[in-house]
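Just below is one structure, and these are the notes that go with it.
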Amino acid sequence: MPPAVPGRTNRVLLRIAVGTLILAMLVWSWFGTEVSVTHLLSSGPRIADFIDRLLPPDLTWTATEPRPFPPPLRIAAAVVGLTLQIALLGTALGMAAALVLGLLGAENLTPHWVHHPVKIALALLRSIPVILLALLFVAALGLGPLPGVLAIAIHSVGMLGKLFAEECETADLGVWEAMDSAGSNWFQKVRYATWPQVAPQVLSLTLFRLDMNLRESAVLGLVGVAGLGLWIENYRRAFDYQSVATLVIVTMLLVLVVDQISVYIRRRLK
Amino acid sequence: MIRLEYVEVQYGRKPAALSIDELDIKSGERVAIIGPSGAGKSTLLRTIKGYVRPTQGKVEVMGVNFMSARRRDRRRINRRIGLVYQQFHLVRRLTVLQNVLCGRLGITNRWRSLLGWFSPEDRRVAWSAICEVGLRDEVHQRSDQLSGGEQQRVAVARVLAQQPAIILADEPVSSVDPAWAEDVLELITEVQRRHQATLVMSLHQPNLACRFADRIIGLRKGRVVIDDDAAKVTEAHLKELYRGDASLPFNGATGRPRADQSRTA
């Protein structure tokens, strides 16, 4: 008879402990948020009423009767570009800074007294949600697109910088040594050993971030950044839900189109 | 050219990975280092390159003592020592020409090179290196589209672009299809002769070592147990060197008198 497989340490207790912990956290969350099925079910008429006010989306181009704001399609045509521009510029600025900080934050490229502080700085930058950053910048700089660009750029630096650094850390060090062997300095090694290895992934991550930033850009209107979100908020305050519906659809279309383009490019990068 | 005196290399608290009383390699010599796995072949090469700092002893390359030299001098020597790797270490996404131009990085204008700008001289040297290794037609192909043997040729061309005085090769044919191993070794020894460089290579196959080198250094547990002309190394020597290592065929291990052994080994 072949010998039995040597047993491994019994992990049952550990599994029970972890399972109990997860369950406890879910129960805690359930009571904390007072989620109640009966409340949801009894809201049926309210929901129906809301949907009724939302539909059909307002697709008029010329206002036939006096109204507080111009028709939503005109607004969409005017500001859809701005929402896209805020996302593009914010992502580009964020990527540029993230490239530098990503390289400096890679454990295998810089001494620990460089990459440790950089990693901490990146973590701090990305710990603040975009909408909070925007809220602060609106307070400091006033309404308009600028606070949105800055908020998106700063959050993107934190996210992309971390991902870039991790990418550099997985790059093959043999090539790095081969470049050193030819007498390269640090910049040359980064340029010829690290960059060609990480470039496709860096571009792909940036496009992915652009996707997310576009959604952020549309939401930032809620705190006063110019763009689609601001007008969704304006119409909502005027209880003009049919116009809100139009702008939500426009936002969805914009995000879907950019998402598809980005998926296409990212596939080509591989 | 290369001189080691009472060199000891130790990793952590383990017994010495390398322990050499005296080793002298003259300019233009063609040396093969052989020995079982873990005998210190790579460590010796990396000590000569300056990548491994001995715990004690003296390493002198091209008249510069690595143990006491300033950083500047070490870098100047480092640039003249070309290294061929087992795994090639090419930049996969770049073309053959771009890879070979990387060999010029230590010589060309550093800041311009960051923008991908190489001087006409760099390009001429790179092109002649590419022609020399026989990749004329593949010059603009991406290096990861080439076979293993061809990739090692690119790596050799990159070292040539560096215009080295010393060529080190760390198991240069271990990742190459056995059928192409001899071609690559022939190429390395040929360019070494033509450029009057000193060649030190570690090899896994004693038969190839005896055929392509003039001098054999046998390492066992970090110590030199063979140091002789390739023609004088006998099977008895090799048997002693590889004692306890079952992975090698010993009949005709020197490659003499049965020369066909090398194709199958």
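Here's how to read the names in the structure tokens: chain A, B, ... by the order shown, residue numbers from 1 in each chain, ligand numbers from 1 in the order shown.
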Within 7 Å of chain B, which residues of chain A come that close, and what is the closest atom pair and distance in Å for each? Count only C-alpha atoms and give it as a Markdown table.
| residue | atom | partner | partner_atom | distance |
| --- | --- | --- | --- | --- |
| A:Gly174 | CA | B:His89 | CA | 5.5 |
| A:Val175 | CA | B:His89 | CA | 4.7 |
| A:Ala178 | CA | B:His89 | CA | 6.4 |
| A:Met179 | CA | B:Cys102 | CA | 6.9 |
| A:Ser181 | CA | B:Arg79 | CA | 6.5 |
| A:Ala182 | CA | B:Gly103 | CA | 5.3 |
| A:Gly183 | CA | B:Gly106 | CA | 4.0 |
| A:Ser184 | CA | B:Gly106 | CA | 4.9 |
| A:Gln188 | CA | B:Leu114 | CA | 6.1 |
| A:Arg191 | CA | B:Leu114 | CA | 6.3 |
| A:Ala193 | CA | B:Val91 | CA | 6.7 |
| A:Pro196 | CA | B:Arg93 | CA | 6.5 |
Output of the above residues as a CSV table (one decimal), in the first residue's frame, restricted to C-alpha atoms:
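As written to disk, result-v1.csv reads:
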chain,number,residue,atom,x,y,z
A,174,GLY,CA,17.7,41.0,-15.7
A,175,VAL,CA,17.2,43.6,-18.4
A,178,ALA,CA,22.1,44.1,-18.7
A,179,MET,CA,21.7,47.9,-19.2
A,181,SER,CA,26.4,46.1,-17.6
A,182,ALA,CA,26.7,48.4,-20.7
A,183,GLY,CA,27.5,51.3,-18.4
A,184,SER,CA,24.1,53.0,-18.3
A,188,GLN,CA,19.1,55.3,-19.0
A,191,ARG,CA,14.3,54.6,-20.1
A,193,ALA,CA,15.0,48.6,-19.1
A,196,PRO,CA,9.6,49.4,-22.6
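By only C-alpha atoms, and with residues fewer than 5 positions from segment 158-164 of chain A along its chain excluded, the set lying at most 7 Å from it is Met95, Ala98, Leu99, Leu101, Gly102, Leu122, Ala123, Leu125, Arg126 and Val202 of chain A.
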Computed gap from atom CA of Thr83 of chain A to atom CA of Gly227 of chain A is 4.9 Å
So the first atom is atom CA of His195 of chain B and the second is atom CA of Ser27 of chain B; what is the distance between them in Å, to one decimal place? 11.6 Å
Determine, counting only C-alpha atoms, which protein, DNA and RNA residues have an atom within 12 Å of an atom of Ser175 of chain B; residues of the same chain fewer than 4 positions away are not included. Present the result as a PyMOL selection string. chain B and resi 84-89+147-152+170-171+179-181+184+203-204
Apply DSSP to the structure's backbone, then extract all residues of segment 38-261 of chain A labelled alpha helix (DSSP H) and return them as a PyMOL selection string. chain A and resi 38-42+44-54+72-104+112-127+130-141+146-170+173-181+186-189+195-219+228-237+241-261
To test your reading of the structure, identify every residue in segment 173-243 of chain B that backbone DSSP assigns to strand (DSSP E), and report it as a list of chain:residue names. B:Thr198, B:Leu199, B:Val200, B:Met201, B:Ser202, B:Arg215, B:Ile216, B:Ile217, B:Gly218, B:Leu219, B:Arg220, B:Arg223, B:Val224, B:Val225, B:Ile226, B:Asp227, B:Asp228, B:Asp229
Okay, now the selection with N, CA and C atoms, as a short mmCIF file (atom, residue, chain, number, x, y, z; two decimals), in the first residue's frame?
data_model
loop_
_atom_site.label_atom_id
_atom_site.label_comp_id
_atom_site.auth_asym_id
_atom_site.auth_seq_id
_atom_site.Cartn_x
_atom_site.Cartn_y
_atom_site.Cartn_z
N THR B 198 39.31 39.41 -24.12
CA THR B 198 39.52 38.28 -23.22
C THR B 198 38.16 37.66 -22.96
N LEU B 199 38.09 36.32 -23.03
CA LEU B 199 36.79 35.66 -22.88
C LEU B 199 36.80 34.76 -21.65
N VAL B 200 35.84 34.96 -20.77
CA VAL B 200 35.65 34.03 -19.66
C VAL B 200 34.20 33.61 -19.68
N MET B 201 33.95 32.31 -19.87
CA MET B 201 32.56 31.86 -19.91
C MET B 201 32.37 30.67 -19.00
N SER B 202 31.19 30.58 -18.40
CA SER B 202 30.88 29.40 -17.63
C SER B 202 30.03 28.50 -18.51
N ARG B 215 41.65 27.25 -22.09
CA ARG B 215 42.00 26.97 -20.71
C ARG B 215 40.74 26.62 -19.94
N ILE B 216 40.83 25.62 -19.10
CA ILE B 216 39.67 25.15 -18.33
C ILE B 216 39.93 25.42 -16.85
N ILE B 217 38.94 26.05 -16.22
CA ILE B 217 39.01 26.20 -14.77
C ILE B 217 37.85 25.41 -14.20
N GLY B 218 38.17 24.41 -13.39
CA GLY B 218 37.12 23.60 -12.78
C GLY B 218 36.88 24.05 -11.35
N LEU B 219 35.64 24.39 -11.05
CA LEU B 219 35.30 24.82 -9.69
C LEU B 219 34.50 23.73 -9.01
N ARG B 220 34.81 23.53 -7.75
CA ARG B 220 34.01 22.61 -6.94
C ARG B 220 33.90 23.21 -5.55
N ARG B 223 36.03 26.26 -4.89
CA ARG B 223 37.49 26.19 -5.00
C ARG B 223 37.92 25.73 -6.38
N VAL B 224 39.08 26.20 -6.80
CA VAL B 224 39.62 25.78 -8.09
C VAL B 224 40.24 24.41 -7.94
N VAL B 225 39.68 23.41 -8.64
CA VAL B 225 40.28 22.08 -8.56
C VAL B 225 40.94 21.69 -9.89
N ILE B 226 40.56 22.36 -10.97
CA ILE B 226 41.26 22.16 -12.24
C ILE B 226 41.64 23.54 -12.76
N ASP B 227 42.86 23.68 -13.25
CA ASP B 227 43.23 24.90 -13.96
C ASP B 227 44.32 24.50 -14.94
N ASP B 228 43.92 24.23 -16.17
CA ASP B 228 44.87 23.65 -17.10
C ASP B 228 44.46 23.94 -18.55
N ASP B 229 45.39 23.66 -19.47
CA ASP B 229 45.06 23.75 -20.88
C ASP B 229 43.90 22.79 -21.19
#
